[in-house]
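> Before I ask anything, here is the structure I am working with.
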Number of protein chains: 2
Amino acid sequence: MTAVKKSEKITRPDCVTSLSAVGDAFYVIGGKWKLRIIIALSEGTKRFNELQRMVEGISARVLSSELKDLEMNGFVTRNVHADTFPVVVEYEATGYADSLRDVLKALTAWGKMHRKRIRKQAELERQKTTKRA
Amino acid sequence: MTAVKKSEKITRPDCVTSLSAVGDAFYVIGGKWKLRIIIALSEGTKRFNELQRMVEGISARVLSSELKDLEMNGFVTRNVHADTFPVVVEYEATGYADSLRDVLKALTAWGKMHRKRIRKQAELERQKTTKRA
DNA sequence: GTTACTAGTATACAAAAGGTTAGTAGTAAC
DNA sequence: GTTACTACTAACCTTTTGTATACTAGTAAC
């Protein structure tokens, strides 16, 4: 099992600060899709349909409204190439989106760890059930 | 303005991994309240009403259902002191909740930074408006 | 001429999340 | 005896989020 240092307690003022800071953060990047769209764009600029294919499960309507939010909050820019053939629109992550790097790194690492743990638990469940049967 | 390194691009496989890892993470700790409850408990054990006072804006109904979720997923334990007066219930963060430390640190730091940025923007807006008037 | 691709929007509806209000039992302070 | 505290829960309502389908215009492959 992964070694986890046992709870060093946090002071009350730190806790209150953290509460409101995380509240502020979730106000703009909370929700099911925003961070995932930012991750998809961290690989490079993408067109609307490319994004929709990459971010699994998102509908055009939701992607469209999420992109508007992200643009409004300065995480994404929308570039229209009107000169080209069908009219191509490219979405690009801004420098401000890059400021989320540490958050994304931590969240990605935790997500990987969590998935492993869940798999291990499911494994144990399966073994118990098999023995019982 | 805070210096932010301009987008080092991320490789496609990293991006796909990150997308699903963050998806997994948000499946259990996404939503408006879960991380905030965990932060409140990182300061030490808390009773139900204490938690509700600390996590501003949460209703009893939502706090109750969030705590059940968190307990089910191993982030929180529920300790009932049946011997005492009104029957006190204490909630405690587990070691698994502690594994979120880096996520919370990154998110807290980003939230603080973001709030500063927003305040700066509002300031500029205000100045422009004053000049116009 | 039918189909498909571009990047969406409109409409209608369903589901999920969250908020509001009121109420439970038991004690104890005013 | 009324109020308040303990830790919730039920019922109901609103808001947010998401789904499905159809549609736009312009081109180009079949």
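Letters for chains follow the order of the structure tokens (A, B, ...), residue numbers begin at 1 for each chain, and ligand numbers begin at 1 in the order shown.
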Using DSSP on the backbone, list every residue of chain A that comes out as helix (DSSP H, G or I), and give them as a PyMOL selection string.
chain A and resi 12-29+34-42+48-54+60-72+95-98+101-132
> Could you please tell me, as a compact mmCIF listing (two decimals) with C-alpha atoms, in the first residue's frame, which residues of chain B have an atom within 7 Å of chain A when using only C-alpha atoms?

# COMPACT_ATOMS: atom_id res chain seq x y z
CA VAL B 4 4.16 32.17 -16.66
CA LYS B 6 4.73 29.79 -22.32
CA SER B 7 3.05 26.48 -23.19
CA LYS B 9 3.33 21.29 -25.46
CA ILE B 10 2.33 17.96 -24.01
CA THR B 11 2.50 14.71 -25.99
CA ARG B 12 -0.65 13.02 -27.20
CA CYS B 15 -2.76 14.12 -22.81
CA SER B 18 -4.34 12.96 -18.13
CA LEU B 19 -7.84 13.28 -19.56
CA ALA B 21 -7.11 10.42 -14.81
CA VAL B 22 -8.69 13.80 -14.20
CA ASP B 24 -11.59 9.60 -12.59
CA ALA B 25 -10.56 12.13 -9.96
CA GLY B 31 -18.76 18.90 -7.40
CA ARG B 36 -14.26 21.90 0.78
CA ILE B 39 -10.38 20.83 3.77
CA ALA B 40 -12.58 21.67 6.75
CA SER B 42 -8.08 18.60 7.58
CA GLU B 43 -7.97 20.93 10.55
CA GLY B 44 -9.30 18.22 12.85
CA GLY B 95 -5.38 8.84 5.53
CA ASP B 98 -4.56 13.12 3.22
CA SER B 99 -3.39 11.73 -0.11
CA ASP B 102 -0.82 18.03 -3.22
CA VAL B 103 -4.08 18.57 -5.08
CA ALA B 106 -2.01 23.36 -5.86
CA LEU B 107 -5.67 24.31 -5.95
CA THR B 108 -5.34 26.65 -2.98
CA TRP B 110 -4.05 28.78 -7.81
CA GLY B 111 -7.23 30.06 -6.19
CA LYS B 112 -5.33 32.76 -4.31
CA ARG B 115 -8.49 36.02 -6.88
> Against range 6-16 of chain D, which residues of chain C fall within 9 Å? For each one I want the closest pair of atoms and the distance in Å (one decimal), counting only C-alpha atoms (C1' of nucleotides), rows by chain and increasing residue number, as CSV.

residue,atom,partner,partner_atom,distance
C:DA16,C1',D:DT16,C1',8.3
C:DA17,C1',D:DT16,C1',7.1
C:DG18,C1',D:DT15,C1',7.7
C:DG19,C1',D:DT14,C1',7.6
C:DT20,C1',D:DC13,C1',8.0
C:DT21,C1',D:DC12,C1',9.0
C:DG23,C1',D:DT9,C1',8.6
C:DT24,C1',D:DT9,C1',8.1
C:DG26,C1',D:DT6,C1',8.7
> Could you please determine the separation between CA of Glu92 in chain A and CA of Phe48 in chain A in Å, to one decimal place?
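Computing the Euclidean distance for CA of Glu92 in chain A and CA of Phe48 in chain A yields 10.8 Å.
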> Using only C-alpha atoms (C1' of nucleotides), which protein or nucleic acid residues come within 10 Å of DT27 in chain C? Drop anything in the same chain fewer than 3 positions from it, and give the result as an NGL selection string.
(:B and (85-86)) or (:D and (5-6))
> Could you give me, as a list in words, each residue of chain B that DSSP assigns to strand (DSSP E or B) when run on this structure's backbone?
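Those in chain B that DSSP calls strand (DSSP E or B) are Lys46, Arg47, Val76, Thr77, Arg78, Asn79, Val80, His81, Val88, Val89, Glu90, Tyr91, Glu92 and Ala93 of chain B.
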> Write out the residues from the selection above, keeping C-alpha atoms, as a tab-separated table (two decimals), in the first residue's frame.

chain	number	residue	atom	x	y	z
B	46	LYS	CA	-15.74	18.16	13.35
B	47	ARG	CA	-19.37	17.63	14.26
B	76	VAL	CA	-14.15	10.30	5.92
B	77	THR	CA	-15.10	8.21	8.94
B	78	ARG	CA	-18.18	8.78	11.06
B	79	ASN	CA	-17.79	8.27	14.80
B	80	VAL	CA	-20.87	8.21	17.00
B	81	HIS	CA	-20.47	8.89	20.72
B	88	VAL	CA	-22.48	13.52	19.33
B	89	VAL	CA	-21.36	12.49	15.86
B	90	GLU	CA	-17.83	13.30	14.81
B	91	TYR	CA	-16.47	13.26	11.29
B	92	GLU	CA	-12.82	12.62	10.69
B	93	ALA	CA	-10.64	12.76	7.59
> Taking only C-alpha atoms (C1' of nucleotides) into account, which residues of chain C are within 8 Å of chain A, as a PyMOL selection string?
chain C and resi 6-8
> Using only C-alpha atoms (C1' of nucleotides), determine which residues of chain D fall within 10 Å of chain A; present them as number ranges by chain.
D: 17-20, 25-27
> If I take C1' of DG1 in chain C and C1' of DT21 in chain D, how far is one from the other in Å, to one decimal?
24.1 Å
> In Å, how far is it from C1' of DT9 in chain C to CA of Leu63 in chain A?
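Rounded to one decimal, the two atoms are 12.4 Å apart.
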